[in-house]
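Trainee: Take this structure, written in structure tokens, and hold onto it; I'll ask about it next.
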Amino acid sequence: MSWTAPDLSDRVAVVTGATRGVGKGVALVLGECGATVYVTGRSTRARGGAEPNAGPGTVEDSAEAVSAAGGHGIAVATDHTDDAQVAALFERVAAEHGRLDLLVANAWGGYEGHGGDTFTAPFWEQPLWRWDAMFTAGLRAQFAAARLAAPLMVGRGAGVIACTGGSDMPGHYLGNVPYDVVKAATDRLVVAMAHELRDHGVAALGVYPGFTRTEAVMEAFAGAPPPETHSPAFVGRAVAAVLADPAAIELSGAGVQAAVLARRYGFADTDGRDVERFVLPDEYRLAPRSPGGDR
């Protein structure tokens, strides 16, 4: 498989949480395809760069990289836990373009200050602030962006809402109860939004990363991550392929890894590798809910 960037020069996208990681990878691929991309994040040059406990990069850096790749990057400093800032973002998109073709709901603050020493502790030892972080800066942020993006799409009878924060492994435990539950909730959010949007010609789906070589992963593995990892741009290629697909509505309600979409659309990762769907080891597999049943 290979990769040929589709022409998305007439498309307008919002990618939330695009200062680094998966969000930045998606934004850069959309730029490569010629799209206009509003990139959001809290880390800005005016605030002195990255937020505390965050990786490198600012929203301005990402927007400039989108433009350098061939698109039109627009930086919008946005805290996605602040409803007024999120509303201002979509009001700006409407005022400047009068349309929105794609929302990538990627902003995720659920890891902030999580502390590796307690992240895998049993749920009765988990701090309640971790649940709040997962659901406010994660799930709620995705919903808040989607509810403001939808009217810009429903009015035209077209558009794609892609959430990146879910999981396609309901038969596995994800290592932390708040994390496990919020991932399942995101997947259900996709299903429910798709149900309400389908008659309006708007697709909602989950485009989920596998084991991704984000800045944090690269640091954790001292620059030599496991071979099953893929680039952040791999997720971007999946999103771009969906946006370019005139039959994208057929995927509405699905929550799948980028690797599954790679097989559907026939593209490889940036290093030319075909990426397999990532699955957790068997020790994370959940027991069936009923005798003889399966999840």
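Chain identifiers are assigned as A, B, and so on, following the order in which chains appear in the structure tokens; residues are numbered from 1 within each chain, and ligands are numbered from 1 in order of appearance.
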Produce a table with one row for each residue of region 150-220 of chain A that has an atom at most 8 Å from any atom of region 228-236 of chain A, each row naming the nearest atom pair and its distance in Å at one decimal; use only C-alpha atoms; arrange rows by chain and rising residue number; format as a tab-separated table.
Mentor:
```
residue	atom	partner	partner_atom	distance
A:Val207	CA	A:Val235	CA	7.3
A:Tyr208	CA	A:Val235	CA	7.5
A:Pro209	CA	A:Val235	CA	6.1
A:Gly210	CA	A:Thr229	CA	7.2
A:Phe211	CA	A:Thr229	CA	4.8
A:Thr212	CA	A:His230	CA	5.0
A:Arg213	CA	A:Ser231	CA	5.2
A:Thr214	CA	A:Pro232	CA	6.4
```
Trainee: Hey, what's within 8 Å of Val275 (chain A) if we count only C-alpha atoms and toss same-chain stuff fewer than 2 positions away? As a PyMOL selection string, please?
Mentor: chain A and resi 228+230+259+262+268-269+273+277
Trainee: Next, write the just-selected residues to a file, as a compact mmCIF listing (two decimals), in the first residue's frame, keeping C-alpha atoms as the atom set.
Mentor:
```txt
# COMPACT_ATOMS: atom_id res chain seq x y z
CA GLU A 228 4.06 -2.03 16.43
CA HIS A 230 2.68 4.04 14.12
CA ALA A 259 -5.23 0.61 10.76
CA ALA A 262 -5.88 1.92 6.09
CA ALA A 268 0.48 2.82 4.51
CA ASP A 269 2.25 4.69 7.30
CA ARG A 273 4.79 0.01 6.52
CA ARG A 277 -4.67 -3.18 14.25
```
Trainee: Would you list, as a list in words, the residues of region 71-235 of chain A that end up in strand (DSSP E) under DSSP run on this structure's backbone?
Mentor: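 Of region 71-235 of chain A, only His72, Gly73, Ile74, Ala75, Val76, Ala77, Leu102, Leu103, Val104, Ala105, Gly159, Val160, Ile161, Ala162, Cys163, Val202, Ala203, Ala204, Leu205, Gly206, Val207 and Tyr208 of chain A fall in strand (DSSP E).
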Trainee: Please dump the current selection as a JSON list (two decimals), in the first residue's frame; keep N, CA, C and O atoms.
Mentor:
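Output file result-v3.json follows:
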```json
[["chain", "number", "residue", "atom", "x", "y", "z"],
["A", 72, "HIS", "N", -3.78, 25.76, 4.70],
["A", 72, "HIS", "CA", -3.91, 27.07, 5.33],
["A", 72, "HIS", "C", -4.18, 26.84, 6.80],
["A", 72, "HIS", "O", -5.29, 26.48, 7.19],
["A", 73, "GLY", "N", -3.15, 27.00, 7.61],
["A", 73, "GLY", "CA", -3.28, 26.77, 9.04],
["A", 73, "GLY", "C", -3.69, 28.03, 9.77],
["A", 73, "GLY", "O", -3.13, 29.10, 9.54],
["A", 74, "ILE", "N", -4.67, 27.90, 10.66],
["A", 74, "ILE", "CA", -5.16, 29.03, 11.45],
["A", 74, "ILE", "C", -5.11, 28.63, 12.92],
["A", 74, "ILE", "O", -5.79, 27.68, 13.35],
["A", 75, "ALA", "N", -4.31, 29.34, 13.70],
["A", 75, "ALA", "CA", -4.16, 29.03, 15.11],
["A", 75, "ALA", "C", -5.24, 29.72, 15.92],
["A", 75, "ALA", "O", -5.46, 30.93, 15.78],
["A", 76, "VAL", "N", -5.91, 28.97, 16.78],
["A", 76, "VAL", "CA", -6.92, 29.55, 17.67],
["A", 76, "VAL", "C", -6.67, 28.99, 19.07],
["A", 76, "VAL", "O", -6.94, 27.81, 19.34],
["A", 77, "ALA", "N", -6.15, 29.82, 19.94],
["A", 77, "ALA", "CA", -5.91, 29.40, 21.32],
["A", 77, "ALA", "C", -7.25, 29.10, 21.99],
["A", 77, "ALA", "O", -8.11, 29.97, 22.09],
["A", 102, "LEU", "N", -15.29, 19.36, 8.43],
["A", 102, "LEU", "CA", -14.72, 18.32, 9.29],
["A", 102, "LEU", "C", -14.42, 18.87, 10.67],
["A", 102, "LEU", "O", -13.82, 19.94, 10.81],
["A", 103, "LEU", "N", -14.84, 18.14, 11.68],
["A", 103, "LEU", "CA", -14.37, 18.35, 13.05],
["A", 103, "LEU", "C", -13.63, 17.11, 13.48],
["A", 103, "LEU", "O", -14.18, 16.00, 13.40],
["A", 104, "VAL", "N", -12.39, 17.29, 13.92],
["A", 104, "VAL", "CA", -11.66, 16.21, 14.57],
["A", 104, "VAL", "C", -11.63, 16.55, 16.05],
["A", 104, "VAL", "O", -10.89, 17.44, 16.49],
["A", 105, "ALA", "N", -12.50, 15.89, 16.82],
["A", 105, "ALA", "CA", -12.61, 16.15, 18.25],
["A", 105, "ALA", "C", -11.52, 15.34, 18.96],
["A", 105, "ALA", "O", -11.71, 14.17, 19.31],
["A", 159, "GLY", "N", -20.88, 16.68, 5.99],
["A", 159, "GLY", "CA", -19.82, 16.92, 6.97],
["A", 159, "GLY", "C", -19.43, 15.65, 7.69],
["A", 159, "GLY", "O", -20.13, 14.62, 7.62],
["A", 160, "VAL", "N", -18.31, 15.72, 8.38],
["A", 160, "VAL", "CA", -17.79, 14.57, 9.12],
["A", 160, "VAL", "C", -17.35, 15.04, 10.51],
["A", 160, "VAL", "O", -16.60, 16.03, 10.64],
["A", 161, "ILE", "N", -17.80, 14.35, 11.54],
["A", 161, "ILE", "CA", -17.31, 14.54, 12.90],
["A", 161, "ILE", "C", -16.54, 13.28, 13.27],
["A", 161, "ILE", "O", -17.11, 12.19, 13.28],
["A", 162, "ALA", "N", -15.26, 13.44, 13.54],
["A", 162, "ALA", "CA", -14.40, 12.30, 13.89],
["A", 162, "ALA", "C", -13.87, 12.48, 15.30],
["A", 162, "ALA", "O", -13.24, 13.49, 15.61],
["A", 163, "CYS", "N", -14.14, 11.52, 16.15],
["A", 163, "CYS", "CA", -13.61, 11.52, 17.52],
["A", 163, "CYS", "C", -12.42, 10.57, 17.59],
["A", 163, "CYS", "O", -12.48, 9.46, 17.06],
["A", 202, "VAL", "N", -24.82, 13.89, 7.64],
["A", 202, "VAL", "CA", -23.56, 14.14, 8.35],
["A", 202, "VAL", "C", -23.09, 12.85, 9.01],
["A", 202, "VAL", "O", -23.88, 12.14, 9.66],
["A", 203, "ALA", "N", -21.82, 12.53, 8.85],
["A", 203, "ALA", "CA", -21.26, 11.31, 9.41],
["A", 203, "ALA", "C", -20.56, 11.60, 10.74],
["A", 203, "ALA", "O", -19.87, 12.62, 10.88],
["A", 204, "ALA", "N", -20.74, 10.72, 11.70],
["A", 204, "ALA", "CA", -20.00, 10.77, 12.96],
["A", 204, "ALA", "C", -19.36, 9.41, 13.15],
["A", 204, "ALA", "O", -20.03, 8.38, 13.05],
["A", 205, "LEU", "N", -18.07, 9.39, 13.38],
["A", 205, "LEU", "CA", -17.38, 8.12, 13.55],
["A", 205, "LEU", "C", -16.18, 8.30, 14.48],
["A", 205, "LEU", "O", -15.73, 9.41, 14.74],
["A", 206, "GLY", "N", -15.69, 7.19, 14.96],
["A", 206, "GLY", "CA", -14.47, 7.19, 15.76],
["A", 206, "GLY", "C", -13.31, 6.75, 14.90],
["A", 206, "GLY", "O", -13.36, 5.68, 14.27],
["A", 207, "VAL", "N", -12.27, 7.58, 14.84],
["A", 207, "VAL", "CA", -11.02, 7.21, 14.17],
["A", 207, "VAL", "C", -9.97, 7.12, 15.27],
["A", 207, "VAL", "O", -9.44, 8.14, 15.73],
["A", 208, "TYR", "N", -9.71, 5.90, 15.72],
["A", 208, "TYR", "CA", -8.92, 5.72, 16.92],
["A", 208, "TYR", "C", -7.47, 5.36, 16.62],
["A", 208, "TYR", "O", -7.21, 4.50, 15.76]]
```
Trainee: Can you pull out every residue within 10 Å of region 282-291 of chain A, counting only C-alpha atoms, but drop anything in the same chain fewer than 4 positions away, and send it as a PyMOL selection string?
Mentor: chain A and resi 169-175+295
Trainee: So that I can see what lies close to region 153-156 of chain A, please list as JSON, numbers by chain the residues with an atom at most 8 Å from it, counting only C-alpha atoms and leaving out residues fewer than 6 positions away in the same chain.
Mentor: {"A": [99, 100, 101, 197, 200, 201, 202]}
Trainee: Tell me, as a ChimeraX atom specification, which residues lie within 10 Å of Ala94 (chain A), counting only C-alpha atoms; anything in the same chain fewer than 6 positions away does not count.
Mentor: /A:88,100,149,152
Trainee: Can I get the selected residues back with N, CA, C and O atoms, as a CSV table (one decimal), in the first residue's frame?
Mentor:
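The resulting out-v3.csv:
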```csv
chain,number,residue,atom,x,y,z
A,88,ALA,N,-16.7,30.7,20.8
A,88,ALA,CA,-16.0,31.7,20.0
A,88,ALA,C,-15.3,31.1,18.8
A,88,ALA,O,-15.2,31.6,17.7
A,100,LEU,N,-18.4,24.3,7.6
A,100,LEU,CA,-17.4,23.4,8.2
A,100,LEU,C,-17.6,22.0,7.7
A,100,LEU,O,-18.7,21.5,7.7
A,149,ALA,N,-20.2,22.2,16.2
A,149,ALA,CA,-19.9,21.9,14.8
A,149,ALA,C,-21.1,21.4,14.1
A,149,ALA,O,-21.3,21.7,12.9
A,152,LEU,N,-23.3,23.7,11.7
A,152,LEU,CA,-22.6,24.1,10.5
A,152,LEU,C,-22.6,23.1,9.4
A,152,LEU,O,-22.4,23.4,8.3
```
Trainee: May I ask which of the residues A:Thr136, A:Thr36, A:Thr186, A:Thr118 is the closest one to Ala69 (chain A), counting only C-alpha atoms?
Mentor: A:Thr36
Trainee: Could you name the residues that touch Glu64 (chain A) at 12 Å or less, counting only C-alpha atoms, but leaving out those on the same chain fewer than 4 positions away, as a PDB file with N, CA and C atoms, in the first residue's frame?
Mentor:
```pdb
ATOM      1  N   ALA A  18      -4.426  20.277  18.827  1.00  0.00           N
ATOM      2  CA  ALA A  18      -3.519  19.998  17.707  1.00  0.00           C
ATOM      3  C   ALA A  18      -2.117  20.554  17.906  1.00  0.00           C
ATOM      4  N   THR A  19      -1.746  20.853  19.132  1.00  0.00           N
ATOM      5  CA  THR A  19      -0.393  21.373  19.344  1.00  0.00           C
ATOM      6  C   THR A  19       0.664  20.286  19.279  1.00  0.00           C
ATOM      7  N   LYS A  24      -1.832  17.029  16.147  1.00  0.00           N
ATOM      8  CA  LYS A  24      -0.904  17.687  15.231  1.00  0.00           C
ATOM      9  C   LYS A  24      -0.686  16.827  13.990  1.00  0.00           C
ATOM     10  N   ALA A  27      -3.647  17.302  11.732  1.00  0.00           N
ATOM     11  CA  ALA A  27      -3.661  18.635  11.130  1.00  0.00           C
ATOM     12  C   ALA A  27      -2.642  18.750  10.002  1.00  0.00           C
ATOM     13  N   LEU A  28      -1.463  18.186  10.188  1.00  0.00           N
ATOM     14  CA  LEU A  28      -0.427  18.284   9.164  1.00  0.00           C
ATOM     15  C   LEU A  28      -0.808  17.519   7.898  1.00  0.00           C
ATOM     16  N   GLY A  31      -3.230  19.529   6.054  1.00  0.00           N
ATOM     17  CA  GLY A  31      -2.497  20.577   5.357  1.00  0.00           C
ATOM     18  C   GLY A  31      -1.856  20.067   4.082  1.00  0.00           C
ATOM     19  N   THR A  36      -8.016  23.978   4.597  1.00  0.00           N
ATOM     20  CA  THR A  36      -7.945  25.042   5.595  1.00  0.00           C
ATOM     21  C   THR A  36      -8.199  24.401   6.944  1.00  0.00           C
ATOM     22  N   VAL A  37      -7.273  24.570   7.885  1.00  0.00           N
ATOM     23  CA  VAL A  37      -7.351  23.857   9.151  1.00  0.00           C
ATOM     24  C   VAL A  37      -7.233  24.836  10.317  1.00  0.00           C
ATOM     25  N   TYR A  38      -8.278  24.913  11.106  1.00  0.00           N
ATOM     26  CA  TYR A  38      -8.227  25.635  12.372  1.00  0.00           C
ATOM     27  C   TYR A  38      -7.652  24.671  13.401  1.00  0.00           C
ATOM     28  N   VAL A  39      -6.503  25.023  13.961  1.00  0.00           N
ATOM     29  CA  VAL A  39      -5.862  24.167  14.959  1.00  0.00           C
ATOM     30  C   VAL A  39      -6.005  24.837  16.319  1.00  0.00           C
ATOM     31  N   GLY A  57       5.807  22.422  21.841  1.00  0.00           N
ATOM     32  CA  GLY A  57       4.957  22.900  20.765  1.00  0.00           C
ATOM     33  C   GLY A  57       3.894  23.876  21.209  1.00  0.00           C
ATOM     34  N   THR A  58       3.449  24.709  20.283  1.00  0.00           N
ATOM     35  CA  THR A  58       2.376  25.665  20.518  1.00  0.00           C
ATOM     36  C   THR A  58       1.378  25.572  19.371  1.00  0.00           C
ATOM     37  N   VAL A  59       0.240  26.199  19.584  1.00  0.00           N
ATOM     38  CA  VAL A  59      -0.781  26.188  18.548  1.00  0.00           C
ATOM     39  C   VAL A  59      -0.307  26.952  17.307  1.00  0.00           C
ATOM     40  N   GLU A  60       0.502  27.981  17.518  1.00  0.00           N
ATOM     41  CA  GLU A  60       1.052  28.715  16.380  1.00  0.00           C
ATOM     42  C   GLU A  60       2.024  27.855  15.576  1.00  0.00           C
ATOM     43  N   ALA A  68       2.914  25.288   5.867  1.00  0.00           N
ATOM     44  CA  ALA A  68       4.128  24.849   5.180  1.00  0.00           C
ATOM     45  C   ALA A  68       3.902  23.556   4.413  1.00  0.00           C
ATOM     46  N   ALA A  69       2.969  22.732   4.896  1.00  0.00           N
ATOM     47  CA  ALA A  69       2.675  21.459   4.234  1.00  0.00           C
ATOM     48  C   ALA A  69       1.832  21.643   2.978  1.00  0.00           C
ATOM     49  N   GLY A  70       1.250  22.833   2.809  1.00  0.00           N
ATOM     50  CA  GLY A  70       0.467  23.091   1.609  1.00  0.00           C
ATOM     51  C   GLY A  70      -0.953  23.534   1.860  1.00  0.00           C
ATOM     52  N   GLY A  71      -1.365  23.583   3.125  1.00  0.00           N
ATOM     53  CA  GLY A  71      -2.715  24.013   3.454  1.00  0.00           C
ATOM     54  C   GLY A  71      -2.735  25.429   3.980  1.00  0.00           C
ATOM     55  N   HIS A  72      -3.776  25.761   4.696  1.00  0.00           N
ATOM     56  CA  HIS A  72      -3.911  27.068   5.325  1.00  0.00           C
ATOM     57  C   HIS A  72      -4.176  26.843   6.802  1.00  0.00           C
ATOM     58  N   GLY A  73      -3.151  26.997   7.614  1.00  0.00           N
ATOM     59  CA  GLY A  73      -3.284  26.770   9.039  1.00  0.00           C
ATOM     60  C   GLY A  73      -3.690  28.033   9.773  1.00  0.00           C
ATOM     61  N   ILE A  74      -4.668  27.903  10.664  1.00  0.00           N
ATOM     62  CA  ILE A  74      -5.164  29.032  11.451  1.00  0.00           C
ATOM     63  C   ILE A  74      -5.113  28.630  12.922  1.00  0.00           C
ATOM     64  N   ALA A  75      -4.314  29.336  13.697  1.00  0.00           N
ATOM     65  CA  ALA A  75      -4.158  29.029  15.112  1.00  0.00           C
ATOM     66  C   ALA A  75      -5.240  29.721  15.923  1.00  0.00           C
TER      67      ALA A  75
END
```
Trainee: Could you please determine the separation between CA of Gly17 (chain A) and CA of Gly41 (chain A) in Å, to one decimal place?
Mentor: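 Answer for the CA of Gly17 (chain A) to CA of Gly41 (chain A) separation: 4.8 Å.
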Trainee: Would you kindly return, as a short mmCIF file (atom, residue, chain, number, x, y, z; two decimals) with N, CA and C atoms, in the first residue's frame, each protein, DNA or RNA residue with an atom no farther than 6 Å from any atom of Thr16 (chain A), considering only C-alpha atoms and excluding same-chain residues fewer than 3 positions away?
Mentor:
```cif
data_model
loop_
_atom_site.label_atom_id
_atom_site.label_comp_id
_atom_site.auth_asym_id
_atom_site.auth_seq_id
_atom_site.Cartn_x
_atom_site.Cartn_y
_atom_site.Cartn_z
N THR A 40 -6.42 24.06 17.30
CA THR A 40 -6.65 24.62 18.63
C THR A 40 -5.75 23.97 19.66
N ALA A 105 -12.50 15.89 16.82
CA ALA A 105 -12.61 16.15 18.25
C ALA A 105 -11.52 15.34 18.96
N ASN A 106 -10.39 15.99 19.15
CA ASN A 106 -9.20 15.30 19.64
C ASN A 106 -8.70 15.84 20.98
N ALA A 107 -9.13 17.04 21.37
CA ALA A 107 -8.62 17.64 22.61
C ALA A 107 -8.83 16.67 23.78
#
```
Trainee: Counting only C-alpha atoms, which residue out of A:Asn176, A:Gln85, A:Thr78, A:Thr270 sits closest to Pro127 (chain A)?
Mentor: A:Asn176
